[in-house]
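Asker: What follows is target.txt, made up of compact mmCIF, N, CA and C atoms:
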```
# COMPACT_ATOMS: atom_id res chain seq x y z
N MET A 4 28.14 43.06 191.91
CA MET A 4 27.51 42.67 190.66
C MET A 4 27.80 43.73 189.61
N THR A 5 28.30 43.30 188.50
CA THR A 5 28.57 44.22 187.40
C THR A 5 27.40 44.18 186.43
N LEU A 6 27.17 45.31 185.86
CA LEU A 6 26.06 45.45 184.92
C LEU A 6 26.63 45.43 183.51
N SER A 7 26.26 44.39 182.77
CA SER A 7 26.76 44.30 181.40
C SER A 7 25.99 45.27 180.51
N ARG A 8 26.55 45.51 179.36
CA ARG A 8 25.91 46.44 178.41
C ARG A 8 24.56 45.88 177.95
N ARG A 9 24.50 44.59 177.71
CA ARG A 9 23.27 43.95 177.25
C ARG A 9 22.18 44.07 178.32
N ARG A 10 22.55 43.83 179.58
CA ARG A 10 21.58 43.93 180.68
C ARG A 10 21.11 45.38 180.86
N ALA A 11 21.99 46.34 180.70
CA ALA A 11 21.61 47.75 180.82
C ALA A 11 20.62 48.14 179.72
N LEU A 12 20.85 47.65 178.50
CA LEU A 12 19.92 47.92 177.40
C LEU A 12 18.57 47.26 177.64
N GLN A 13 18.57 46.04 178.19
CA GLN A 13 17.31 45.36 178.49
C GLN A 13 16.52 46.13 179.55
N LEU A 14 17.21 46.60 180.59
CA LEU A 14 16.54 47.37 181.63
C LEU A 14 15.99 48.69 181.09
N ALA A 15 16.76 49.34 180.22
CA ALA A 15 16.29 50.59 179.63
C ALA A 15 15.06 50.35 178.75
N ALA A 16 15.06 49.28 177.98
CA ALA A 16 13.91 48.97 177.13
C ALA A 16 12.68 48.63 177.97
N ALA A 17 12.87 47.86 179.04
CA ALA A 17 11.74 47.51 179.91
C ALA A 17 11.17 48.75 180.59
N THR A 18 12.04 49.64 181.02
CA THR A 18 11.59 50.89 181.65
C THR A 18 10.81 51.75 180.66
N ALA A 19 11.30 51.84 179.45
CA ALA A 19 10.60 52.62 178.42
C ALA A 19 9.23 52.02 178.10
N ALA A 20 9.16 50.69 178.02
CA ALA A 20 7.89 50.02 177.73
C ALA A 20 6.89 50.26 178.86
N LEU A 21 7.35 50.16 180.11
CA LEU A 21 6.46 50.41 181.24
C LEU A 21 5.99 51.86 181.27
N ALA A 22 6.86 52.78 180.98
CA ALA A 22 6.49 54.20 180.96
C ALA A 22 5.46 54.47 179.87
N ALA A 23 5.65 53.87 178.71
CA ALA A 23 4.70 54.06 177.61
C ALA A 23 3.34 53.46 177.96
N ALA A 24 3.33 52.26 178.54
CA ALA A 24 2.07 51.62 178.93
C ALA A 24 1.37 52.44 180.01
N GLY A 25 2.14 52.95 180.98
CA GLY A 25 1.55 53.77 182.03
C GLY A 25 1.00 55.08 181.48
N GLY A 26 1.72 55.68 180.55
CA GLY A 26 1.24 56.91 179.93
C GLY A 26 -0.03 56.68 179.14
N TYR A 27 -0.10 55.55 178.45
CA TYR A 27 -1.31 55.21 177.70
C TYR A 27 -2.48 54.99 178.65
N ALA A 28 -2.23 54.31 179.77
CA ALA A 28 -3.29 54.04 180.73
C ALA A 28 -3.81 55.33 181.35
N MET A 29 -2.95 56.33 181.52
CA MET A 29 -3.38 57.58 182.14
C MET A 29 -4.23 58.43 181.19
N THR A 30 -4.18 58.14 179.89
CA THR A 30 -5.01 58.89 178.94
C THR A 30 -6.40 58.29 178.80
N ARG A 31 -6.63 57.18 179.46
CA ARG A 31 -7.93 56.51 179.36
C ARG A 31 -8.99 57.32 180.10
N ARG A 32 -10.23 57.16 179.66
CA ARG A 32 -11.36 57.86 180.27
C ARG A 32 -12.22 56.85 181.03
N PRO A 33 -13.07 57.31 181.94
CA PRO A 33 -13.95 56.38 182.64
C PRO A 33 -14.82 55.57 181.68
N GLU A 34 -15.21 56.19 180.59
CA GLU A 34 -16.06 55.51 179.62
C GLU A 34 -15.36 54.31 178.99
N ASP A 35 -14.03 54.36 178.91
CA ASP A 35 -13.28 53.23 178.35
C ASP A 35 -13.43 52.00 179.24
N LEU A 36 -13.42 52.19 180.55
CA LEU A 36 -13.61 51.07 181.46
C LEU A 36 -15.03 50.53 181.33
N VAL A 37 -16.01 51.42 181.24
CA VAL A 37 -17.40 50.98 181.12
C VAL A 37 -17.58 50.19 179.82
N ARG A 38 -17.03 50.69 178.73
CA ARG A 38 -17.15 49.96 177.46
C ARG A 38 -16.47 48.60 177.54
N SER A 39 -15.29 48.53 178.15
CA SER A 39 -14.58 47.25 178.22
C SER A 39 -15.34 46.25 179.09
N VAL A 40 -15.97 46.72 180.17
CA VAL A 40 -16.77 45.83 181.02
C VAL A 40 -17.97 45.29 180.24
N LEU A 41 -18.67 46.18 179.54
CA LEU A 41 -19.84 45.75 178.77
C LEU A 41 -19.46 44.79 177.65
N GLU A 42 -18.36 45.07 176.96
CA GLU A 42 -17.95 44.20 175.87
C GLU A 42 -17.47 42.84 176.36
N ARG A 43 -16.91 42.80 177.56
CA ARG A 43 -16.49 41.51 178.09
C ARG A 43 -17.69 40.61 178.35
N HIS A 44 -18.80 41.19 178.82
CA HIS A 44 -19.97 40.38 179.17
C HIS A 44 -20.99 40.23 178.05
N PHE A 45 -21.07 41.21 177.15
CA PHE A 45 -22.08 41.16 176.10
C PHE A 45 -21.50 41.03 174.70
N GLY A 46 -20.19 40.97 174.57
CA GLY A 46 -19.56 40.91 173.26
C GLY A 46 -19.41 42.30 172.66
N PRO A 47 -18.91 42.36 171.42
CA PRO A 47 -18.72 43.68 170.78
C PRO A 47 -20.04 44.44 170.70
N LEU A 48 -20.00 45.73 171.02
CA LEU A 48 -21.21 46.55 171.06
C LEU A 48 -21.17 47.65 170.02
N ARG A 49 -22.34 47.94 169.46
CA ARG A 49 -22.50 49.14 168.65
C ARG A 49 -23.18 50.16 169.55
N MET A 50 -22.36 51.00 170.18
CA MET A 50 -22.89 51.99 171.11
C MET A 50 -22.11 53.27 170.95
N ASP A 51 -22.80 54.38 170.66
CA ASP A 51 -22.14 55.67 170.48
C ASP A 51 -21.42 56.10 171.75
N GLU A 52 -20.41 56.92 171.57
CA GLU A 52 -19.67 57.45 172.73
C GLU A 52 -20.57 58.29 173.63
N THR A 53 -21.51 59.03 173.03
CA THR A 53 -22.41 59.84 173.85
C THR A 53 -23.30 58.96 174.72
N GLU A 54 -23.68 57.81 174.20
CA GLU A 54 -24.50 56.87 174.97
C GLU A 54 -23.69 56.29 176.14
N ILE A 55 -22.44 55.94 175.87
CA ILE A 55 -21.55 55.41 176.93
C ILE A 55 -21.33 56.49 178.00
N GLU A 56 -21.08 57.72 177.56
CA GLU A 56 -20.88 58.82 178.51
C GLU A 56 -22.12 59.04 179.36
N ALA A 57 -23.29 58.98 178.76
CA ALA A 57 -24.54 59.18 179.51
C ALA A 57 -24.74 58.04 180.51
N LEU A 58 -24.47 56.81 180.11
CA LEU A 58 -24.61 55.67 181.02
C LEU A 58 -23.64 55.81 182.20
N THR A 59 -22.40 56.18 181.91
CA THR A 59 -21.40 56.34 182.96
C THR A 59 -21.81 57.43 183.94
N ALA A 60 -22.23 58.58 183.41
CA ALA A 60 -22.64 59.70 184.27
C ALA A 60 -23.86 59.34 185.11
N ALA A 61 -24.85 58.68 184.52
CA ALA A 61 -26.06 58.32 185.25
C ALA A 61 -25.77 57.28 186.32
N SER A 62 -24.90 56.34 186.01
CA SER A 62 -24.55 55.30 186.97
C SER A 62 -23.81 55.88 188.17
N ILE A 63 -22.88 56.78 187.91
CA ILE A 63 -22.11 57.38 189.01
C ILE A 63 -22.99 58.36 189.79
N ALA A 64 -23.90 59.05 189.11
CA ALA A 64 -24.80 59.96 189.82
C ALA A 64 -25.74 59.18 190.73
N ARG A 65 -26.11 57.99 190.31
CA ARG A 65 -27.01 57.16 191.11
C ARG A 65 -26.31 56.63 192.36
N ARG A 66 -25.05 56.23 192.20
CA ARG A 66 -24.28 55.67 193.32
C ARG A 66 -22.87 56.26 193.31
N PRO A 67 -22.67 57.44 193.84
CA PRO A 67 -21.34 58.07 193.78
C PRO A 67 -20.26 57.32 194.56
N TRP A 68 -20.65 56.50 195.51
CA TRP A 68 -19.65 55.79 196.32
C TRP A 68 -18.99 54.64 195.58
N ILE A 69 -19.52 54.23 194.41
CA ILE A 69 -18.90 53.11 193.70
C ILE A 69 -17.81 53.56 192.73
N GLU A 70 -17.66 54.86 192.55
CA GLU A 70 -16.70 55.37 191.58
C GLU A 70 -15.28 54.95 191.96
N PRO A 71 -14.61 54.20 191.08
CA PRO A 71 -13.24 53.80 191.39
C PRO A 71 -12.26 54.93 191.10
N PRO A 72 -11.04 54.85 191.63
CA PRO A 72 -10.03 55.84 191.24
C PRO A 72 -9.79 55.67 189.73
N TRP A 73 -9.94 56.75 188.97
CA TRP A 73 -9.93 56.61 187.51
C TRP A 73 -8.57 56.24 186.94
N LYS A 74 -7.49 56.56 187.63
CA LYS A 74 -6.19 56.11 187.14
C LYS A 74 -6.11 54.59 187.22
N LEU A 75 -6.60 54.03 188.32
CA LEU A 75 -6.65 52.58 188.47
C LEU A 75 -7.59 51.97 187.43
N ALA A 76 -8.73 52.60 187.23
CA ALA A 76 -9.70 52.10 186.26
C ALA A 76 -9.13 52.13 184.84
N GLY A 77 -8.39 53.19 184.51
CA GLY A 77 -7.76 53.28 183.20
C GLY A 77 -6.73 52.19 183.00
N ALA A 78 -5.95 51.93 184.02
CA ALA A 78 -4.95 50.86 183.93
C ALA A 78 -5.63 49.51 183.78
N TYR A 79 -6.75 49.29 184.49
CA TYR A 79 -7.46 48.03 184.39
C TYR A 79 -8.10 47.86 183.02
N ALA A 80 -8.65 48.95 182.46
CA ALA A 80 -9.24 48.87 181.11
C ALA A 80 -8.17 48.51 180.09
N THR A 81 -6.98 49.07 180.25
CA THR A 81 -5.87 48.74 179.36
C THR A 81 -5.48 47.28 179.53
N ALA A 82 -5.43 46.81 180.77
CA ALA A 82 -5.09 45.41 181.03
C ALA A 82 -6.14 44.49 180.42
N TYR A 83 -7.40 44.86 180.50
CA TYR A 83 -8.45 44.04 179.90
C TYR A 83 -8.29 43.96 178.38
N GLN A 84 -8.03 45.09 177.76
CA GLN A 84 -7.92 45.11 176.30
C GLN A 84 -6.70 44.35 175.80
N THR A 85 -5.70 44.20 176.64
CA THR A 85 -4.51 43.43 176.24
C THR A 85 -4.60 41.98 176.70
N GLY A 86 -5.69 41.61 177.38
CA GLY A 86 -5.87 40.24 177.82
C GLY A 86 -5.18 39.91 179.13
N LEU A 87 -4.79 40.91 179.89
CA LEU A 87 -4.07 40.69 181.14
C LEU A 87 -4.91 41.08 182.36
N ASP A 88 -6.24 41.10 182.22
CA ASP A 88 -7.07 41.55 183.33
C ASP A 88 -7.03 40.60 184.52
N GLY A 89 -6.94 39.30 184.28
CA GLY A 89 -6.86 38.34 185.39
C GLY A 89 -5.61 38.54 186.23
N GLN A 90 -4.49 38.71 185.55
CA GLN A 90 -3.23 38.93 186.25
C GLN A 90 -3.24 40.28 186.97
N ALA A 91 -3.87 41.28 186.35
CA ALA A 91 -3.92 42.61 186.97
C ALA A 91 -4.72 42.56 188.26
N MET A 92 -5.83 41.81 188.28
CA MET A 92 -6.64 41.72 189.50
C MET A 92 -5.89 40.98 190.60
N GLU A 93 -5.07 39.99 190.24
CA GLU A 93 -4.31 39.25 191.24
C GLU A 93 -3.24 40.12 191.88
N VAL A 94 -2.69 41.06 191.13
CA VAL A 94 -1.61 41.91 191.63
C VAL A 94 -2.14 43.04 192.51
N LEU A 95 -3.38 43.46 192.27
CA LEU A 95 -3.96 44.58 193.02
C LEU A 95 -4.15 44.24 194.49
N PRO A 96 -4.03 45.24 195.36
CA PRO A 96 -4.40 45.02 196.76
C PRO A 96 -5.88 44.62 196.84
N GLU A 97 -6.23 43.85 197.85
CA GLU A 97 -7.58 43.29 197.95
C GLU A 97 -8.68 44.34 197.91
N GLU A 98 -8.48 45.46 198.61
CA GLU A 98 -9.50 46.50 198.66
C GLU A 98 -9.74 47.10 197.27
N ARG A 99 -8.66 47.34 196.52
CA ARG A 99 -8.79 47.92 195.18
C ARG A 99 -9.48 46.94 194.23
N ALA A 100 -9.12 45.66 194.31
CA ALA A 100 -9.74 44.67 193.45
C ALA A 100 -11.23 44.54 193.75
N GLU A 101 -11.59 44.55 195.03
CA GLU A 101 -13.01 44.48 195.39
C GLU A 101 -13.77 45.71 194.89
N ARG A 102 -13.12 46.86 194.96
CA ARG A 102 -13.77 48.10 194.50
C ARG A 102 -14.04 48.05 192.99
N LEU A 103 -13.07 47.55 192.23
CA LEU A 103 -13.29 47.42 190.79
C LEU A 103 -14.37 46.39 190.48
N GLU A 104 -14.39 45.28 191.20
CA GLU A 104 -15.43 44.26 190.98
C GLU A 104 -16.81 44.81 191.31
N ARG A 105 -16.92 45.56 192.39
CA ARG A 105 -18.20 46.17 192.77
C ARG A 105 -18.66 47.15 191.70
N PHE A 106 -17.74 47.97 191.20
CA PHE A 106 -18.07 48.92 190.15
C PHE A 106 -18.56 48.17 188.90
N GLU A 107 -17.88 47.09 188.57
CA GLU A 107 -18.27 46.30 187.40
C GLU A 107 -19.68 45.74 187.55
N ARG A 108 -20.01 45.19 188.72
CA ARG A 108 -21.36 44.66 188.94
C ARG A 108 -22.42 45.75 188.82
N HIS A 109 -22.15 46.93 189.38
CA HIS A 109 -23.13 48.02 189.29
C HIS A 109 -23.28 48.51 187.85
N ILE A 110 -22.20 48.59 187.12
CA ILE A 110 -22.29 49.01 185.71
C ILE A 110 -23.11 48.01 184.90
N LEU A 111 -22.92 46.73 185.14
CA LEU A 111 -23.70 45.73 184.42
C LEU A 111 -25.19 45.85 184.75
N GLY A 112 -25.50 46.02 186.03
CA GLY A 112 -26.89 46.19 186.43
C GLY A 112 -27.51 47.45 185.84
N ASP A 113 -26.76 48.54 185.87
CA ASP A 113 -27.26 49.79 185.31
C ASP A 113 -27.42 49.69 183.79
N ALA A 114 -26.53 48.97 183.13
CA ALA A 114 -26.66 48.81 181.68
C ALA A 114 -27.94 48.05 181.33
N VAL A 115 -28.28 47.06 182.14
CA VAL A 115 -29.52 46.31 181.90
C VAL A 115 -30.73 47.21 182.16
N GLN A 116 -30.67 48.04 183.19
CA GLN A 116 -31.81 48.90 183.52
C GLN A 116 -31.92 50.13 182.64
N MET A 117 -30.80 50.72 182.24
CA MET A 117 -30.83 52.03 181.58
C MET A 117 -30.61 51.99 180.08
N THR A 118 -30.38 50.83 179.51
CA THR A 118 -30.20 50.72 178.06
C THR A 118 -31.10 49.63 177.51
N ASN A 119 -31.07 49.48 176.22
CA ASN A 119 -31.83 48.41 175.57
C ASN A 119 -30.94 47.19 175.29
N ILE A 120 -29.90 47.02 176.06
CA ILE A 120 -28.89 45.99 175.77
C ILE A 120 -29.47 44.57 175.78
N VAL A 121 -30.43 44.29 176.66
CA VAL A 121 -31.00 42.95 176.72
C VAL A 121 -32.22 42.79 175.81
N LEU A 122 -32.69 43.87 175.23
CA LEU A 122 -33.85 43.80 174.35
C LEU A 122 -33.46 43.63 172.89
N ARG A 123 -32.18 43.65 172.61
CA ARG A 123 -31.74 43.49 171.23
C ARG A 123 -32.03 42.08 170.74
N THR A 124 -32.36 41.96 169.47
CA THR A 124 -32.61 40.63 168.90
C THR A 124 -31.39 40.09 168.17
N ALA A 125 -30.42 40.96 167.90
CA ALA A 125 -29.18 40.54 167.24
C ALA A 125 -28.02 41.33 167.82
N PRO A 126 -26.84 40.73 167.89
CA PRO A 126 -25.69 41.43 168.47
C PRO A 126 -25.28 42.68 167.72
N GLU A 127 -25.62 42.78 166.43
CA GLU A 127 -25.21 43.96 165.67
C GLU A 127 -26.15 45.14 165.81
N GLU A 128 -27.25 44.97 166.55
CA GLU A 128 -28.15 46.09 166.80
C GLU A 128 -27.48 47.11 167.72
N GLU A 129 -27.83 48.37 167.52
CA GLU A 129 -27.22 49.44 168.32
C GLU A 129 -27.80 49.47 169.73
N VAL A 130 -26.94 49.71 170.69
CA VAL A 130 -27.35 49.85 172.09
C VAL A 130 -27.62 51.33 172.34
N ILE A 131 -28.77 51.62 172.93
CA ILE A 131 -29.20 52.99 173.15
C ILE A 131 -29.43 53.22 174.64
N PHE A 132 -28.93 54.34 175.14
CA PHE A 132 -29.17 54.73 176.53
C PHE A 132 -30.59 55.27 176.62
N VAL A 133 -31.41 54.64 177.45
CA VAL A 133 -32.81 55.02 177.57
C VAL A 133 -32.98 56.08 178.66
N GLY A 134 -32.26 55.93 179.75
CA GLY A 134 -32.35 56.88 180.85
C GLY A 134 -32.41 56.14 182.18
N PRO A 135 -32.40 56.89 183.25
CA PRO A 135 -32.37 56.24 184.56
C PRO A 135 -33.70 55.64 185.01
N SER A 136 -34.77 55.79 184.26
CA SER A 136 -36.03 55.17 184.65
C SER A 136 -36.00 53.70 184.25
N ALA A 137 -36.65 52.88 185.03
CA ALA A 137 -36.65 51.44 184.76
C ALA A 137 -37.72 51.04 183.75
N CYS A 138 -38.63 51.93 183.44
CA CYS A 138 -39.73 51.62 182.53
C CYS A 138 -39.39 52.10 181.13
N LEU A 139 -39.51 51.20 180.15
CA LEU A 139 -39.19 51.55 178.77
C LEU A 139 -40.42 51.97 177.97
N ASN A 140 -41.59 52.02 178.61
CA ASN A 140 -42.83 52.40 177.94
C ASN A 140 -42.92 53.93 177.89
N PRO A 141 -42.85 54.54 176.71
CA PRO A 141 -42.89 56.00 176.63
C PRO A 141 -44.27 56.58 176.98
N TYR A 142 -45.32 55.74 177.00
CA TYR A 142 -46.66 56.23 177.28
C TYR A 142 -47.08 56.01 178.73
N ALA A 143 -46.20 55.46 179.54
CA ALA A 143 -46.53 55.19 180.94
C ALA A 143 -46.59 56.49 181.74
N THR A 144 -47.52 56.56 182.65
CA THR A 144 -47.59 57.69 183.56
C THR A 144 -47.52 57.14 184.99
N PHE A 145 -46.82 57.84 185.82
CA PHE A 145 -46.67 57.39 187.20
C PHE A 145 -47.31 58.41 188.12
N GLU A 146 -48.24 57.93 188.91
CA GLU A 146 -48.92 58.80 189.84
C GLU A 146 -48.68 58.29 191.24
N VAL A 147 -48.50 59.21 192.17
CA VAL A 147 -48.33 58.84 193.56
C VAL A 147 -49.70 58.64 194.17
N ALA A 148 -49.92 57.50 194.76
CA ALA A 148 -51.25 57.19 195.33
C ALA A 148 -51.37 57.70 196.74
```
What would you get if you wrote out this structure as structure tokens?

Answerer:
Amino acid sequence: MTLSRRRALQLAAATAALAAAGGYAMTRRPEDLVRSVLERHFGPLRMDETEIEALTAASIARRPWIEPPWKLAGAYATAYQTGLDGQAMEVLPEERAERLERFERHILGDAVQMTNIVLRTAPEEEVIFVGPSACLNPYATFEVA
């Protein structure tokens, strides 16, 4: 098989595009995956980066075994933002796909428990990280009986 000049240029361009996409995915942070998961289920969010970082840290501190490999998570967040998340999940090995799905479910549950995301009356209201306690009443006291 001979390699034509046109085919060599196409291969070089495809390789460069893949390298650029991979490099971009490696610069992603865990918070980018958390934000993309929340925005997929709740729509565009007004949430500060510090709030996202606090939610991510509290969620992982609560369940350290759900933490996905962050390179994989960064690539998945990039795939989601480009609209290719369905295809990306199909390509992943079954164990990795299940791990990402499990992480996504826990993040959604923690977002409901640790933020005011479901208490908002309008989508443009800001989402605030409340903390790892399930009670939003600042005057509540808990005593051990």

Asker: Which residue, A:Ala143, A:Leu75, A:Val130, A:Ala82, has the smallest gap to A:Pro47 when you use only C-alpha atoms?

Answerer: A:Val130

Asker: So how many Å separate atom N of A:Thr144 and atom CA of A:Leu122, to one decimal?

Answerer: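 Atom N of A:Thr144 sits 20.5 Å away from atom CA of A:Leu122.
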
Asker: Compare A:Arg49, A:Arg8, A:Arg102, A:Glu93 by their minimum atom-to-atom distance to A:Glu127, counting all atoms listed in the file, and give me the closest one.

Answerer: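 Among A:Arg49, A:Arg8, A:Arg102, A:Glu93, it is A:Arg49 that comes nearest to A:Glu127.
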
Asker: Grab the atom CA of A:Thr81 to atom C of A:Arg10 distance for me, in Å with one decimal place.

Answerer: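 Going from atom CA of A:Thr81 over to atom C of A:Arg10 covers 27.2 Å.
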
Asker: Of the candidates A:Thr59, A:Gln90, A:Gln116, A:Ser136, which shows the shortest atom-to-atom distance to A:Pro33, using only N, CA and C atoms?

Answerer: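 For A:Pro33, the nearest of the given residues is A:Thr59.
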
Asker: Calculate how many Å separate atom CA of A:Ala78 from atom CA of A:Val40, rounding to one decimal.

Answerer: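 One can read the atom CA of A:Ala78 to atom CA of A:Val40 distance as 13.2 Å.
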
Asker: Could you tell me which of A:Leu36, A:Ile55, A:Glu146, A:Arg9 comes closest to A:Tyr79 if we count only N, CA and C atoms?

Answerer: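 Closest to A:Tyr79 of all the choices is A:Leu36.
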
Asker: Taking into account only C-alpha atoms, which residue in the set A:Asp113, A:Pro96, A:Arg32, A:Glu107 is nearest to A:Ala64?

Answerer: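 Distance minimum relative to A:Ala64 lands on A:Asp113.
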
Asker: Name the closest residue to A:Ala114 among the candidates A:Ile69, A:Met92, A:Ile131, A:Ala80; distances are taken between atoms, counting only C-alpha atoms.

Answerer: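 Between A:Ile69, A:Met92, A:Ile131, A:Ala80, the residue approaching A:Ala114 most closely is A:Ile131.
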
Asker: Using the partial input, fill out stretch 30-50 of chain A with N, CA, C and O atoms; write the result as a tab-separated table (two decimals), keeping the file's coordinate frame.

Answerer:
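Wrote it out as part26.tsv, contents follow:
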```
chain	number	residue	atom	x	y	z
A	30	THR	N	-4.18	58.14	179.89
A	30	THR	CA	-5.01	58.89	178.94
A	30	THR	C	-6.40	58.29	178.80
A	30	THR	O	-7.22	58.82	178.08
A	31	ARG	N	-6.63	57.18	179.46
A	31	ARG	CA	-7.93	56.51	179.36
A	31	ARG	C	-8.99	57.32	180.10
A	31	ARG	O	-8.71	58.02	181.05
A	32	ARG	N	-10.23	57.16	179.66
A	32	ARG	CA	-11.36	57.86	180.27
A	32	ARG	C	-12.22	56.85	181.03
A	32	ARG	O	-12.14	55.66	180.76
A	33	PRO	N	-13.07	57.31	181.94
A	33	PRO	CA	-13.95	56.38	182.64
A	33	PRO	C	-14.82	55.57	181.68
A	33	PRO	O	-15.11	54.40	181.93
A	34	GLU	N	-15.21	56.19	180.59
A	34	GLU	CA	-16.06	55.51	179.62
A	34	GLU	C	-15.36	54.31	178.99
A	34	GLU	O	-16.01	53.35	178.56
A	35	ASP	N	-14.03	54.36	178.91
A	35	ASP	CA	-13.28	53.23	178.35
A	35	ASP	C	-13.43	52.00	179.24
A	35	ASP	O	-13.55	50.88	178.74
A	36	LEU	N	-13.42	52.19	180.55
A	36	LEU	CA	-13.61	51.07	181.46
A	36	LEU	C	-15.03	50.53	181.33
A	36	LEU	O	-15.24	49.32	181.27
A	37	VAL	N	-16.01	51.42	181.24
A	37	VAL	CA	-17.40	50.98	181.12
A	37	VAL	C	-17.58	50.19	179.82
A	37	VAL	O	-18.18	49.11	179.82
A	38	ARG	N	-17.03	50.69	178.73
A	38	ARG	CA	-17.15	49.96	177.46
A	38	ARG	C	-16.47	48.60	177.54
A	38	ARG	O	-17.02	47.60	177.08
A	39	SER	N	-15.29	48.53	178.15
A	39	SER	CA	-14.58	47.25	178.22
A	39	SER	C	-15.34	46.25	179.09
A	39	SER	O	-15.39	45.06	178.78
A	40	VAL	N	-15.97	46.72	180.17
A	40	VAL	CA	-16.77	45.83	181.02
A	40	VAL	C	-17.97	45.29	180.24
A	40	VAL	O	-18.25	44.09	180.25
A	41	LEU	N	-18.67	46.18	179.54
A	41	LEU	CA	-19.84	45.75	178.77
A	41	LEU	C	-19.46	44.79	177.65
A	41	LEU	O	-20.15	43.80	177.41
A	42	GLU	N	-18.36	45.07	176.96
A	42	GLU	CA	-17.95	44.20	175.87
A	42	GLU	C	-17.47	42.84	176.36
A	42	GLU	O	-17.61	41.84	175.67
A	43	ARG	N	-16.91	42.80	177.56
A	43	ARG	CA	-16.49	41.51	178.09
A	43	ARG	C	-17.69	40.61	178.35
A	43	ARG	O	-17.64	39.41	178.13
A	44	HIS	N	-18.80	41.19	178.82
A	44	HIS	CA	-19.97	40.38	179.17
A	44	HIS	C	-20.99	40.23	178.05
A	44	HIS	O	-21.70	39.24	178.02
A	45	PHE	N	-21.07	41.21	177.15
A	45	PHE	CA	-22.08	41.16	176.10
A	45	PHE	C	-21.50	41.03	174.70
A	45	PHE	O	-22.23	41.01	173.72
A	46	GLY	N	-20.19	40.97	174.57
A	46	GLY	CA	-19.56	40.91	173.26
A	46	GLY	C	-19.41	42.30	172.66
A	46	GLY	O	-19.73	43.30	173.29
A	47	PRO	N	-18.91	42.36	171.42
A	47	PRO	CA	-18.72	43.68	170.78
A	47	PRO	C	-20.04	44.44	170.70
A	47	PRO	O	-21.07	43.87	170.36
A	48	LEU	N	-20.00	45.73	171.02
A	48	LEU	CA	-21.21	46.55	171.06
A	48	LEU	C	-21.17	47.65	170.02
A	48	LEU	O	-20.12	48.22	169.76
A	49	ARG	N	-22.34	47.94	169.46
A	49	ARG	CA	-22.50	49.14	168.65
A	49	ARG	C	-23.18	50.16	169.55
A	49	ARG	O	-24.39	50.16	169.71
A	50	MET	N	-22.36	51.00	170.18
A	50	MET	CA	-22.89	51.99	171.11
A	50	MET	C	-22.11	53.27	170.95
A	50	MET	O	-20.88	53.26	171.05
```
